[in-house]
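Student: Following this message is one structure expressed as structure tokens.
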Amino acid sequence: MTNSSLITDSFLETVTALEAVADELRCVYQNAYRWKWVILAMHSALQGMMVLALQGSDGLRVFREEDAIRWMNAHESGGPYPDDLKLDKFLDLYKKIKSDIMLLNVNSKKFLPRGTQGRSIKLLNRLRNEFVHFTPRVFVLVLLGLPSMSIDCLEVMEFLAWHSNNVSWVDTELSGRAKVAFDSMRTSLLALKSEYGSLG
């Protein structure tokens with residue numbers, strides 16, 4: 001019997017996005033157009049992982065500053081609470097994971113970008129926006145640098161998932177699925193990087 005509803009949360013959203021990246025990467029070998037879906041799913045997965053690492057107990061750190069302030073004002077006055085809170089922008093979430101906002105407990109670690117990681121995050125966001133807000137034109141995407149960009153983004157997500165000490169994986173099935181997806185992504189991306197490098 002078909003389910004009549006879809007139930008999700010921040011963890012499931014993030015893990016299923018990771019699995020979508022892994023699935024689409026396996027299709028890239030036969031169809032380069034599937035990079036579009038890699039990019040969209042990677043953006044969703046990274047955004048989800050940033051939310052998991054930032055949300056803490058009250059969840060307010062993931063919202064735009066003005067919305068978090070509105071919620072706090074409502075809380076202090078006893079309500080009513082706003083029901084139109086908006087998630088912060090992708091690049092603003094990225095700024096937050098590099099800041100002291102990440103220090104939610106004594107073991108928390110903020111993200112310290114290395115090498116090209118910061119540039120790759122910005123490129124991922126730009127490419128995602130190109131596809132989501134596609135305008136009538138011919139768009140040419142050079143594939144050569146996409147594996148390296150994606151490996152950078154993968155490393156950021158892995159830090160948030162396992163080393164920031166801000167993500168509590170209560171559901172061991174989901175954490176296991178995330179690990180499988182990460183391993184699959186890395187295998188595909190390293191192979192693609194080698195293949196594209198030989199063509200460059």
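Chains: A, B, ... in order of the structure tokens. Residues: from 1 per chain. Ligands: from 1, in order shown.
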Please list as a PyMOL selection string every residue within 7 Å of stretch 84-97 of chain A, counting only C-alpha atoms and excluding residues in the same chain fewer than 5 positions away.

Tutor: chain A and resi 47+50+62-64+67+102+110-111

Student: For stretch 175-190 of chain A, find every residue with an atom within 9 Å (counting only C-alpha atoms), except residues of its own chain fewer than 2 positions away, and show them as a ChimeraX atom specification.

Tutor: /A:14-16,18-23,25-26,146-148,150-151,154,157-158,161,169-173,192-195

Student: Would you write out those residues with N, CA and C atoms, as a PDB file, in the first residue's frame?

Tutor:
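Saved result, again_12.pdb, follows:
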```
ATOM      1  N   THR A  14      19.432  15.389   5.225  1.00  0.00           N
ATOM      2  CA  THR A  14      20.860  15.453   4.928  1.00  0.00           C
ATOM      3  C   THR A  14      21.377  14.126   4.391  1.00  0.00           C
ATOM      4  N   VAL A  15      21.011  13.039   5.044  1.00  0.00           N
ATOM      5  CA  VAL A  15      21.514  11.725   4.631  1.00  0.00           C
ATOM      6  C   VAL A  15      20.977  11.330   3.256  1.00  0.00           C
ATOM      7  N   THR A  16      19.705  11.590   2.999  1.00  0.00           N
ATOM      8  CA  THR A  16      19.171  11.235   1.678  1.00  0.00           C
ATOM      9  C   THR A  16      19.799  12.092   0.583  1.00  0.00           C
ATOM     10  N   LEU A  18      22.958  13.146   0.712  1.00  0.00           N
ATOM     11  CA  LEU A  18      24.261  12.500   0.532  1.00  0.00           C
ATOM     12  C   LEU A  18      24.129  11.279  -0.375  1.00  0.00           C
ATOM     13  N   GLU A  19      23.105  10.477  -0.146  1.00  0.00           N
ATOM     14  CA  GLU A  19      22.898   9.281  -0.965  1.00  0.00           C
ATOM     15  C   GLU A  19      22.588   9.648  -2.413  1.00  0.00           C
ATOM     16  N   ALA A  20      21.875  10.752  -2.601  1.00  0.00           N
ATOM     17  CA  ALA A  20      21.586  11.208  -3.961  1.00  0.00           C
ATOM     18  C   ALA A  20      22.865  11.621  -4.679  1.00  0.00           C
ATOM     19  N   VAL A  21      23.774  12.287  -3.959  1.00  0.00           N
ATOM     20  CA  VAL A  21      25.068  12.644  -4.560  1.00  0.00           C
ATOM     21  C   VAL A  21      25.804  11.382  -4.991  1.00  0.00           C
ATOM     22  N   ALA A  22      25.868  10.404  -4.089  1.00  0.00           N
ATOM     23  CA  ALA A  22      26.571   9.159  -4.396  1.00  0.00           C
ATOM     24  C   ALA A  22      25.949   8.458  -5.602  1.00  0.00           C
ATOM     25  N   ASP A  23      24.628   8.410  -5.657  1.00  0.00           N
ATOM     26  CA  ASP A  23      23.930   7.764  -6.778  1.00  0.00           C
ATOM     27  C   ASP A  23      24.214   8.473  -8.091  1.00  0.00           C
ATOM     28  N   LEU A  25      26.719  10.443  -8.868  1.00  0.00           N
ATOM     29  CA  LEU A  25      28.122  10.335  -9.268  1.00  0.00           C
ATOM     30  C   LEU A  25      28.383   9.039 -10.028  1.00  0.00           C
ATOM     31  N   ARG A  26      27.679   7.979  -9.664  1.00  0.00           N
ATOM     32  CA  ARG A  26      27.862   6.712 -10.379  1.00  0.00           C
ATOM     33  C   ARG A  26      27.323   6.784 -11.801  1.00  0.00           C
ATOM     34  N   LEU A 146      35.422  19.879 -11.519  1.00  0.00           N
ATOM     35  CA  LEU A 146      34.300  19.501 -10.656  1.00  0.00           C
ATOM     36  C   LEU A 146      34.644  18.415  -9.634  1.00  0.00           C
ATOM     37  N   PRO A 147      35.440  17.395  -9.997  1.00  0.00           N
ATOM     38  CA  PRO A 147      35.799  16.420  -8.951  1.00  0.00           C
ATOM     39  C   PRO A 147      36.555  17.049  -7.788  1.00  0.00           C
ATOM     40  N   SER A 148      37.516  17.942  -8.073  1.00  0.00           N
ATOM     41  CA  SER A 148      38.268  18.582  -6.984  1.00  0.00           C
ATOM     42  C   SER A 148      37.361  19.457  -6.134  1.00  0.00           C
ATOM     43  N   SER A 150      34.224  19.026  -5.636  1.00  0.00           N
ATOM     44  CA  SER A 150      33.349  18.141  -4.870  1.00  0.00           C
ATOM     45  C   SER A 150      34.091  17.465  -3.721  1.00  0.00           C
ATOM     46  N   ILE A 151      35.356  17.120  -3.936  1.00  0.00           N
ATOM     47  CA  ILE A 151      36.154  16.524  -2.858  1.00  0.00           C
ATOM     48  C   ILE A 151      36.325  17.532  -1.723  1.00  0.00           C
ATOM     49  N   LEU A 154      33.099  17.562   0.119  1.00  0.00           N
ATOM     50  CA  LEU A 154      32.989  16.315   0.868  1.00  0.00           C
ATOM     51  C   LEU A 154      33.777  16.408   2.171  1.00  0.00           C
ATOM     52  N   MET A 157      31.917  18.465   4.711  1.00  0.00           N
ATOM     53  CA  MET A 157      30.793  17.713   5.285  1.00  0.00           C
ATOM     54  C   MET A 157      31.272  16.665   6.268  1.00  0.00           C
ATOM     55  N   GLU A 158      32.365  15.981   5.951  1.00  0.00           N
ATOM     56  CA  GLU A 158      32.890  14.961   6.863  1.00  0.00           C
ATOM     57  C   GLU A 158      33.362  15.587   8.169  1.00  0.00           C
ATOM     58  N   ALA A 161      30.239  16.333  10.155  1.00  0.00           N
ATOM     59  CA  ALA A 161      29.547  15.117  10.592  1.00  0.00           C
ATOM     60  C   ALA A 161      30.260  14.404  11.728  1.00  0.00           C
ATOM     61  N   TRP A 169      24.598  11.743  16.445  1.00  0.00           N
ATOM     62  CA  TRP A 169      23.974  10.713  15.610  1.00  0.00           C
ATOM     63  C   TRP A 169      23.270   9.702  16.502  1.00  0.00           C
ATOM     64  N   VAL A 170      22.075  10.049  16.926  1.00  0.00           N
ATOM     65  CA  VAL A 170      21.295   9.151  17.781  1.00  0.00           C
ATOM     66  C   VAL A 170      20.848   7.930  16.987  1.00  0.00           C
ATOM     67  N   ASP A 171      20.484   8.140  15.729  1.00  0.00           N
ATOM     68  CA  ASP A 171      20.025   7.060  14.858  1.00  0.00           C
ATOM     69  C   ASP A 171      21.237   6.429  14.178  1.00  0.00           C
ATOM     70  N   THR A 172      21.640   5.242  14.648  1.00  0.00           N
ATOM     71  CA  THR A 172      22.830   4.590  14.106  1.00  0.00           C
ATOM     72  C   THR A 172      22.627   4.137  12.666  1.00  0.00           C
ATOM     73  N   GLU A 173      21.388   3.864  12.277  1.00  0.00           N
ATOM     74  CA  GLU A 173      21.138   3.486  10.885  1.00  0.00           C
ATOM     75  C   GLU A 173      21.473   4.655   9.958  1.00  0.00           C
ATOM     76  N   LEU A 192      37.004   9.905 -10.938  1.00  0.00           N
ATOM     77  CA  LEU A 192      36.685  10.949 -11.915  1.00  0.00           C
ATOM     78  C   LEU A 192      37.814  11.964 -12.019  1.00  0.00           C
ATOM     79  N   LYS A 193      38.408  12.315 -10.883  1.00  0.00           N
ATOM     80  CA  LYS A 193      39.515  13.263 -10.909  1.00  0.00           C
ATOM     81  C   LYS A 193      40.676  12.713 -11.716  1.00  0.00           C
ATOM     82  N   SER A 194      40.968  11.437 -11.543  1.00  0.00           N
ATOM     83  CA  SER A 194      42.044  10.793 -12.306  1.00  0.00           C
ATOM     84  C   SER A 194      41.713  10.751 -13.793  1.00  0.00           C
ATOM     85  N   GLU A 195      40.464  10.385 -14.100  1.00  0.00           N
ATOM     86  CA  GLU A 195      40.045  10.299 -15.498  1.00  0.00           C
ATOM     87  C   GLU A 195      40.067  11.652 -16.181  1.00  0.00           C
TER      88      GLU A 195
END
```

Student: From the set A:Ala74, A:Ala53, A:Ser44, A:Leu141, which residue has the shortest atom-to-atom contact distance to A:Lys98, counting only C-alpha atoms?

Tutor: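 Result for the nearest residue to A:Lys98: A:Ala53.
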
Student: When DSSP works through the backbone of this structure, what residues of stretch 2-88 of chain A end up as alpha helix (DSSP H), shown as an mmCIF file with C-alpha atoms, in the first residue's frame?

Tutor:
```
data_model
loop_
_atom_site.group_PDB
_atom_site.id
_atom_site.type_symbol
_atom_site.label_atom_id
_atom_site.label_comp_id
_atom_site.auth_asym_id
_atom_site.auth_seq_id
_atom_site.Cartn_x
_atom_site.Cartn_y
_atom_site.Cartn_z
ATOM 1 C CA SER A 10 17.052 17.499 9.361
ATOM 2 C CA PHE A 11 18.991 14.243 9.663
ATOM 3 C CA LEU A 12 16.980 12.346 7.061
ATOM 4 C CA GLU A 13 17.090 15.299 4.672
ATOM 5 C CA THR A 14 20.860 15.453 4.928
ATOM 6 C CA VAL A 15 21.514 11.725 4.631
ATOM 7 C CA THR A 16 19.171 11.235 1.678
ATOM 8 C CA ALA A 17 20.882 14.174 -0.073
ATOM 9 C CA LEU A 18 24.261 12.500 0.532
ATOM 10 C CA GLU A 19 22.898 9.281 -0.965
ATOM 11 C CA ALA A 20 21.586 11.208 -3.961
ATOM 12 C CA VAL A 21 25.068 12.644 -4.560
ATOM 13 C CA ALA A 22 26.571 9.159 -4.396
ATOM 14 C CA ASP A 23 23.930 7.764 -6.778
ATOM 15 C CA GLU A 24 24.321 10.562 -9.314
ATOM 16 C CA LEU A 25 28.122 10.335 -9.268
ATOM 17 C CA ARG A 26 27.862 6.712 -10.379
ATOM 18 C CA CYS A 27 25.843 7.902 -13.389
ATOM 19 C CA VAL A 28 28.256 10.659 -14.418
ATOM 20 C CA TRP A 35 26.676 16.553 -12.912
ATOM 21 C CA LYS A 36 23.753 18.959 -12.645
ATOM 22 C CA TRP A 37 22.054 16.644 -10.163
ATOM 23 C CA VAL A 38 25.345 16.010 -8.338
ATOM 24 C CA ILE A 39 25.675 19.762 -7.839
ATOM 25 C CA LEU A 40 22.084 20.232 -6.659
ATOM 26 C CA ALA A 41 22.240 17.270 -4.270
ATOM 27 C CA MET A 42 25.711 18.259 -2.996
ATOM 28 C CA HIS A 43 24.454 21.753 -2.205
ATOM 29 C CA SER A 44 21.480 20.306 -0.347
ATOM 30 C CA ALA A 45 23.668 17.834 1.547
ATOM 31 C CA LEU A 46 26.227 20.448 2.575
ATOM 32 C CA GLN A 47 23.517 22.881 3.628
ATOM 33 C CA GLY A 48 21.886 20.126 5.655
ATOM 34 C CA MET A 49 25.156 19.209 7.332
ATOM 35 C CA MET A 50 25.808 22.847 8.238
ATOM 36 C CA VAL A 51 22.332 23.013 9.786
ATOM 37 C CA LEU A 52 22.970 19.860 11.827
ATOM 38 C CA ALA A 53 26.252 21.253 13.121
ATOM 39 C CA LEU A 54 24.813 24.667 13.989
ATOM 40 C CA GLU A 65 19.618 36.959 12.343
ATOM 41 C CA GLU A 66 16.477 39.094 12.151
ATOM 42 C CA ASP A 67 14.273 36.001 12.388
ATOM 43 C CA ALA A 68 16.181 34.624 15.371
ATOM 44 C CA ILE A 69 15.733 37.980 17.095
ATOM 45 C CA ARG A 70 11.998 37.936 16.371
ATOM 46 C CA TRP A 71 11.736 34.453 17.898
ATOM 47 C CA MET A 72 13.678 35.501 21.008
ATOM 48 C CA ASN A 73 11.498 38.588 21.448
ATOM 49 C CA ALA A 74 8.393 36.426 21.176
ATOM 50 C CA HIS A 75 9.829 33.962 23.674
ATOM 51 C CA GLU A 76 10.585 36.697 26.197
#
```

Student: Hey, what's within 8 Å of A:Gln117 if we count only C-alpha atoms and toss same-chain stuff fewer than 4 positions away? As number ranges by chain, please?

Tutor: A: 113, 121, 149, 152-153, 156

Student: Using only C-alpha atoms, which protein or nucleic acid residues come within 10 Å of A:Val106? Drop anything in the same chain fewer than 3 positions from it, and give the result as a PyMOL selection string.

Tutor: chain A and resi 103+109+165

Student: Hey, can you spit out that residue selection with N, CA and C atoms as a CSV table (one decimal), in the first residue's frame?

Tutor:
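File out.csv, as written:
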```csv
chain,number,residue,atom,x,y,z
A,103,LEU,N,30.8,27.0,18.6
A,103,LEU,CA,31.3,26.4,19.9
A,103,LEU,C,30.2,26.3,20.8
A,109,LYS,N,34.2,22.1,17.8
A,109,LYS,CA,35.3,22.7,16.9
A,109,LYS,C,34.7,23.4,15.8
A,165,ASN,N,32.0,17.7,16.6
A,165,ASN,CA,31.5,17.3,17.9
A,165,ASN,C,30.2,18.1,18.2
```
